[in-house]
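S.K.: Here you go, this is final-v9.cif (mmCIF, C-alpha atoms and all ligand atoms).
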data_start
loop_
_atom_site.group_PDB
_atom_site.id
_atom_site.type_symbol
_atom_site.label_atom_id
_atom_site.label_comp_id
_atom_site.auth_asym_id
_atom_site.auth_seq_id
_atom_site.Cartn_x
_atom_site.Cartn_y
_atom_site.Cartn_z
ATOM 1 C CA MET A 696 108.412 119.738 92.683
ATOM 2 C CA THR A 697 105.646 119.684 95.291
ATOM 3 C CA ASP A 698 107.651 119.762 98.547
ATOM 4 C CA CYS A 699 110.397 122.122 97.328
ATOM 5 C CA ILE A 700 110.309 125.456 99.161
ATOM 6 C CA PHE A 701 111.750 127.420 96.218
ATOM 7 C CA CYS A 702 109.208 125.850 93.827
ATOM 8 C CA LYS A 703 106.507 127.018 96.237
ATOM 9 C CA ILE A 704 107.941 130.564 96.139
ATOM 10 C CA ALA A 705 108.047 130.363 92.304
ATOM 11 C CA LYS A 706 104.327 129.464 92.307
ATOM 12 C CA ASP A 707 103.515 132.201 94.875
ATOM 13 C CA GLU A 708 102.291 129.542 97.301
ATOM 14 C CA ILE A 709 104.501 130.978 100.054
ATOM 15 C CA PRO A 710 105.725 134.550 100.373
ATOM 16 C CA ALA A 711 109.226 135.876 99.765
ATOM 17 C CA SER A 712 110.763 139.334 99.526
ATOM 18 C CA LYS A 713 110.992 139.251 95.754
ATOM 19 C CA LEU A 714 113.338 141.794 94.197
ATOM 20 C CA TYR A 715 113.021 140.747 90.555
ATOM 21 C CA GLU A 716 111.182 138.263 88.428
ATOM 22 C CA SER A 717 111.475 137.170 84.803
ATOM 23 C CA ARG A 718 110.012 134.247 82.869
ATOM 24 C CA ASN A 719 112.782 131.916 84.063
ATOM 25 C CA PHE A 720 114.119 133.517 87.263
ATOM 26 C CA MET A 721 113.290 135.119 90.546
ATOM 27 C CA VAL A 722 115.522 137.028 92.934
ATOM 28 C CA PHE A 723 114.567 137.397 96.582
ATOM 29 C CA LEU A 724 116.132 138.179 99.954
ATOM 30 C CA ASP A 725 117.521 135.264 101.931
ATOM 31 C CA ILE A 726 115.330 134.778 105.001
ATOM 32 C CA SER A 727 118.384 134.198 107.247
ATOM 33 C CA PRO A 728 120.966 136.538 105.756
ATOM 34 C CA ALA A 729 124.725 136.376 106.253
ATOM 35 C CA ASN A 730 124.462 140.174 106.085
ATOM 36 C CA LYS A 731 121.452 142.407 105.413
ATOM 37 C CA GLY A 732 120.787 142.552 101.669
ATOM 38 C CA HIS A 733 121.914 138.921 101.096
ATOM 39 C CA ALA A 734 119.986 137.903 97.968
ATOM 40 C CA LEU A 735 119.307 134.628 96.193
ATOM 41 C CA ILE A 736 119.031 134.169 92.426
ATOM 42 C CA VAL A 737 116.804 131.193 91.763
ATOM 43 C CA PRO A 738 115.709 129.584 88.473
ATOM 44 C CA LYS A 739 111.953 128.946 88.485
ATOM 45 C CA MET A 740 112.332 125.480 86.990
ATOM 46 C CA HIS A 741 113.242 122.814 89.509
ATOM 47 C CA ALA A 742 116.854 121.736 89.013
ATOM 48 C CA GLN A 743 118.878 120.469 91.934
ATOM 49 C CA SER A 744 122.230 121.259 90.356
ATOM 50 C CA LEU A 745 123.598 124.116 88.300
ATOM 51 C CA THR A 746 124.693 121.425 85.847
ATOM 52 C CA ASP A 747 121.053 120.416 85.262
ATOM 53 C CA LEU A 748 120.115 123.820 83.831
ATOM 54 C CA PRO A 749 119.635 124.190 80.068
ATOM 55 C CA GLU A 750 122.171 126.452 78.347
ATOM 56 C CA HIS A 751 119.805 129.414 77.766
ATOM 57 C CA VAL A 752 118.744 129.401 81.430
ATOM 58 C CA ALA A 753 122.390 129.187 82.556
ATOM 59 C CA GLN A 754 123.194 132.204 80.386
ATOM 60 C CA GLU A 755 120.505 134.308 82.050
ATOM 61 C CA PHE A 756 121.791 133.066 85.414
ATOM 62 C CA GLY A 757 125.218 134.503 84.574
ATOM 63 C CA GLU A 758 123.784 137.846 83.455
ATOM 64 C CA LEU A 759 121.681 138.129 86.610
ATOM 65 C CA GLN A 760 124.720 137.524 88.821
ATOM 66 C CA LEU A 761 126.290 140.654 87.371
ATOM 67 C CA ARG A 762 123.126 142.759 87.660
ATOM 68 C CA VAL A 763 122.155 141.640 91.154
ATOM 69 C CA SER A 764 125.721 141.976 92.478
ATOM 70 C CA LYS A 765 125.829 145.601 91.294
ATOM 71 C CA ALA A 766 122.410 146.355 92.799
ATOM 72 C CA VAL A 767 123.268 144.752 96.156
ATOM 73 C CA MET A 768 126.587 146.618 96.324
ATOM 74 C CA GLN A 769 124.967 149.957 95.505
ATOM 75 C CA SER A 770 122.085 149.430 97.924
ATOM 76 C CA THR A 771 124.046 148.267 100.958
ATOM 77 C CA ASN A 772 127.253 150.308 100.582
ATOM 78 C CA ALA A 773 129.071 147.001 100.951
ATOM 79 C CA GLU A 774 132.852 146.927 100.658
ATOM 80 C CA GLY A 775 132.760 143.654 98.739
ATOM 81 C CA PHE A 776 130.584 140.660 98.006
ATOM 82 C CA ASN A 777 130.693 136.893 97.726
ATOM 83 C CA LEU A 778 128.896 134.792 95.144
ATOM 84 C CA LEU A 779 128.293 131.337 96.559
ATOM 85 C CA LEU A 780 126.574 128.324 95.022
ATOM 86 C CA ASN A 781 126.450 125.234 97.212
ATOM 87 C CA ASP A 782 125.941 122.363 94.778
ATOM 88 C CA GLY A 783 125.194 119.012 96.426
ATOM 89 C CA ARG A 784 124.932 117.996 100.079
ATOM 90 C CA ALA A 785 128.697 117.484 100.293
ATOM 91 C CA ALA A 786 129.085 121.148 99.319
ATOM 92 C CA GLY A 787 126.624 122.314 101.989
ATOM 93 C CA GLN A 788 123.468 122.630 99.865
ATOM 94 C CA GLU A 789 120.424 122.604 102.137
ATOM 95 C CA VAL A 790 117.680 123.654 99.729
ATOM 96 C CA MET A 791 117.966 121.151 96.883
ATOM 97 C CA HIS A 792 116.917 123.601 94.173
ATOM 98 C CA ALA A 793 119.839 125.384 92.493
ATOM 99 C CA HIS A 794 120.428 128.951 93.681
ATOM 100 C CA MET A 795 123.197 131.520 93.856
ATOM 101 C CA HIS A 796 123.857 133.542 97.006
ATOM 102 C CA ILE A 797 124.910 137.176 96.619
ATOM 103 C CA MET A 798 126.312 138.229 99.973
ATOM 104 C CA PRO A 799 127.302 141.819 100.667
ATOM 105 C CA ARG A 800 130.496 141.934 102.753
ATOM 106 C CA PHE A 801 131.995 144.367 105.210
ATOM 107 C CA SER A 802 135.485 144.344 106.687
ATOM 108 C CA THR A 803 133.885 144.282 110.141
ATOM 109 C CA ASP A 804 131.386 141.453 109.551
ATOM 110 C CA ASP A 805 133.490 138.714 111.157
ATOM 111 C CA PHE A 806 132.424 136.123 108.616
ATOM 112 C CA HIS A 807 135.105 133.909 107.084
ATOM 113 C CA PHE A 808 135.274 131.264 104.406
ATOM 114 C CA LYS A 809 137.982 128.823 105.485
ATOM 115 C CA TRP A 810 139.207 125.614 103.974
ATOM 116 C CA THR A 811 142.244 123.472 104.519
ATOM 117 C CA HIS A 812 144.707 123.718 101.648
ATOM 118 C CA LYS A 813 145.591 120.312 100.208
ATOM 119 C CA LYS A 814 148.854 119.549 98.423
ATOM 120 C CA TYR A 815 149.272 117.794 95.079
ATOM 121 C CA GLY A 816 151.532 114.754 95.080
ATOM 122 C CA GLU A 817 154.111 113.903 92.445
ATOM 123 C CA GLY A 818 152.549 114.166 88.942
ATOM 124 C CA GLU A 819 149.074 114.979 90.238
ATOM 125 C CA VAL A 820 148.881 118.559 88.928
ATOM 126 C CA GLN A 821 149.357 117.204 85.409
ATOM 127 C CA GLU A 822 147.002 114.282 86.033
ATOM 128 C CA TYR A 823 144.150 116.483 87.330
ATOM 129 C CA SER A 824 144.796 119.054 84.650
ATOM 130 C CA GLU A 825 144.571 116.442 81.870
ATOM 131 C CA ARG A 826 141.440 114.843 83.325
ATOM 132 C CA ILE A 827 139.585 118.132 83.618
ATOM 133 C CA LYS A 828 140.726 119.359 80.180
ATOM 134 C CA THR A 829 139.407 116.121 78.642
ATOM 135 C CA ASN A 830 135.953 116.756 80.133
ATOM 136 C CA LEU A 831 135.891 120.478 79.369
ATOM 137 C CA THR A 832 133.701 120.424 76.271
HETATM 138 P P1 LIG B 901 121.972 126.510 100.751
HETATM 139 O O1 LIG B 901 122.662 126.044 102.010
HETATM 140 O O2 LIG B 901 122.943 127.034 99.737
HETATM 141 O O3 LIG B 901 121.036 125.459 100.208
HETATM 142 O O4 LIG B 901 121.135 127.775 101.195
HETATM 143 C C1 LIG B 901 119.739 127.808 101.340
HETATM 144 C C2 LIG B 901 119.379 129.209 101.729
HETATM 145 O O5 LIG B 901 117.998 129.376 101.550
HETATM 146 C C3 LIG B 901 119.697 129.539 103.193
HETATM 147 O O6 LIG B 901 120.596 130.657 103.248
HETATM 148 C C4 LIG B 901 118.316 129.881 103.772
HETATM 149 O O7 LIG B 901 118.363 130.941 104.696
HETATM 150 C C5 LIG B 901 117.524 130.264 102.529
HETATM 151 N N1 LIG B 901 116.076 130.058 102.658
HETATM 152 C C6 LIG B 901 115.444 128.932 103.056
HETATM 153 N N2 LIG B 901 114.118 129.107 103.021
HETATM 154 C C7 LIG B 901 113.896 130.370 102.575
HETATM 155 C C8 LIG B 901 112.727 131.155 102.323
HETATM 156 N N3 LIG B 901 111.489 130.679 102.532
HETATM 157 N N4 LIG B 901 112.883 132.419 101.875
HETATM 158 C C9 LIG B 901 114.124 132.907 101.672
HETATM 159 N N5 LIG B 901 115.264 132.240 101.881
HETATM 160 C C10 LIG B 901 115.147 130.976 102.333
#
What's the structure tokens form of this structure?
M.R.:
Amino acid sequence: MTDCIFCKIAKDEIPASKLYESRNFMVFLDISPANKGHALIVPKMHAQSLTDLPEHVAQEFGELQLRVSKAVMQSTNAEGFNLLLNDGRAAGQEVMHAHMHIMPRFSTDDFHFKWTHKKYGEGEVQEYSERIKTNLT
């Protein structure tokens, strides 16, 4: 996609601190990191959503999450890490090209994920459970 910043990085039209590259993926440092060492795993093909990726690409995505998480942990001496994929504007996605954040975490980093906890009404746990199970192919 011509005006997609991650497509431009994939085509080497703009620079990035690339850590790894394969036929289908690239991994580079986030330019505005939550903590130093914050990396992004990005498929080279343009897909806005994780759900748009073909199965074989999604499989490599999963394998890379494991490998990159280990490398980031070992390289930053982090105490933990977050994997975060913002999928869709409602979920906070700003770059509309699917990508996974690997964020090294420290007990002192003063960075919190917070959400309000909703409550299920009468019968809703079963209702949601059945609906999702039906679509889980
Ligand atoms: P998201 O909100 O999940 O879409 O996150 C997009 C991420 O891409 C942000 O954390 C940005 O800092 C990062 N980002 C945007 N442009 C670049 C770039 N040119 N190189 C590296 N990271 C970038």
S.K.: Which residues match the PyMOL selection byres (((not hetatm)) within 12 of (chain B and resi 901)) in the file above, as a ChimeraX atom specification?
M.R.: /A:699-705,707-714,721-737,743-745,778-798
S.K.: Between CA of Ser802 (chain A) and CA of Leu761 (chain A), what distance in Å does the model show, to one decimal?
M.R.: 21.7 Å
S.K.: Report as a list in words the full result of the PyMOL selection byres (((chain A and resi 755) around 12) and not hetatm) when it is applied to this structure.
M.R.: Glu716, Ser717, Arg718, Asn719, Phe720, Met721, Ile736, Val737, Pro738, Lys739, Leu748, Pro749, Glu750, His751, Val752, Ala753, Gln754, Phe756, Gly757, Glu758, Leu759, Gln760, Leu761, Arg762 and Val763 of chain A
S.K.: Which distance in Å separates CA of His812 (chain A) and CA of Thr829 (chain A), to one decimal?
M.R.: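 Taking CA of His812 (chain A) and CA of Thr829 (chain A), their separation equals 24.8 Å.
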S.K.: Mind giving me the straight-line distance from CA of Thr803 (chain A) to CA of Gly775 (chain A) in Å, one decimal?
M.R.: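 Going from CA of Thr803 (chain A) over to CA of Gly775 (chain A) covers 11.5 Å.
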S.K.: Measuring between all atoms listed in the file, which one of A:Glu822, A:Pro799, A:His741, A:Tyr815 shows the shortest distance to Lys706 (chain A)?
M.R.: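 Among the listed residues, the smallest separation from Lys706 (chain A) belongs to A:His741.
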S.K.: Which is closer to Ser764 (chain A) than all the others in A:Met696, A:Lys813, A:Phe776, A:Thr746, using only C-alpha atoms?
M.R.: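 Residue with the minimum atom-to-atom distance to Ser764 (chain A): A:Phe776.
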S.K.: Enclose all atoms of region 806-823 of chain A listed in the file in an axis-aligned box, grow every side by 8 Å, and hand back centre and edge lengths in Å to one decimal, as lines of an AutoDock Vina configuration file.
M.R.:
center_x = 143.3
center_y = 125.0
center_z = 97.0
size_x = 37.7
size_y = 38.2
size_z = 39.2
S.K.: When you count only C-alpha atoms, which of these residues is closest to Tyr715 (chain A): A:Asn772, A:Thr697, A:Ala766, A:Gly818?
M.R.: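 That would be A:Ala766, the residue with the smallest distance to Tyr715 (chain A).
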